[in-house]
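> This is the structure I want to talk about, given as structure tokens.
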Amino acid sequence: MRANSRSYARGFTLLEVLAALVIISLGMLGAIEAISQTASNASRTRDRTIAHWVGMNRLTAVRLQPNAPKIDKTSDEVEMAGRKWRWTMEVTETPVKSLRRIDIRVAEAEADEDSTVASVTGFYGSAIATQGMLVPSWSGPPVQNLPPGAEQPGQGETPEPPGGGQNPEPETPPPSGDETTDPPLPDRPEPSE
């Protein structure tokens, strides 16, 4: 018996091999691009996080000072995480006399003046009520806007309890650990400017 000449194993042609290589290389380029994008995003996120820490550290240092910061624009460099960062702080007035707004922008030290990696905004001021000021109680029911002469809910006569108005159980004071009134605020000196 003679073997058929068409029964031998047929290999790939050069054109088929080139087409397969092009498809594989396009897939590999897409995978490399995705990995590069992920690494770039991770680096950018790391830089923004460190710059935010620099800004928060500066804001905390200003808030811990005994005197209010001057209304001015200042700048300095600091090192964090093995790199140099430049912060620029601008202190401005607010409509509230005892508060000052603090805006801090952070960028890499070698970057141009207009670049910003992260920014932080905070306030410096006194939030303590002065002597003789009424401190609101936040434990009561919400106040509703009613027309003049109308009573707030719970302000009028209390309805008679079921059972003819007789309360079989006497009221007991709350436990000693559960205070229902706000404790008095300690006297504090006025902040000096």
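Lettering and numbering for the structure tokens are positional, with chains as A, B, ... in the shown order, residues counted from 1 in each chain, and ligands counted from 1 in the shown order.
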Using only C-alpha atoms, tabulate the residues of segment 40-76 of chain A lying at most 8 Å from any atom of segment 95-114 of chain A, each with its closest atom pair and that distance in Å to one decimal, by chain and increasing residue number, as a tab-separated table.

residue	atom	partner	partner_atom	distance
A:Ala51	CA	A:Val106	CA	5.8
A:His52	CA	A:Val106	CA	7.4
A:Val54	CA	A:Val106	CA	7.2
A:Gly55	CA	A:Ile104	CA	6.1
A:Leu59	CA	A:Ile104	CA	7.6
A:Ala68	CA	A:Arg100	CA	7.9
> For Arg63 of chain A, find every residue with an atom within 9 Å (counting only C-alpha atoms), except residues of its own chain fewer than 4 positions away, and show them as a list in words.
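Neighbouring residues, sequence-local ones excluded: Arg58, Leu59, Asn67, Ala68, Pro69, Phe123, Tyr124 and Gly125 of chain A.
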> Just give me the gap between atom CA of Thr88 of chain A and atom CA of Lys73 of chain A in Å, one decimal is fine.
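Pair atom CA of Thr88 of chain A / atom CA of Lys73 of chain A returns 7.2 Å.
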> Tell me, in Å to one decimal, how far atom CA of Leu64 of chain A is from atom CA of Glu77 of chain A.
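Atom-to-atom, atom CA of Leu64 of chain A and atom CA of Glu77 of chain A are spaced 19.6 Å apart.
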> So, with only C-alpha atoms as the atoms that count, which of A:Ile35, A:Ile50, A:Val17, A:Val91 lies closest to Thr74 of chain A?
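Of all the options, A:Val91 lies closest to Thr74 of chain A.
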> Among segment 17-135 of chain A, which ones does DSSP assign to strand (DSSP E) (computed from the backbone)? Answer as a ChimeraX atom specification.
/A:73-80,83-93,99-108,118-125
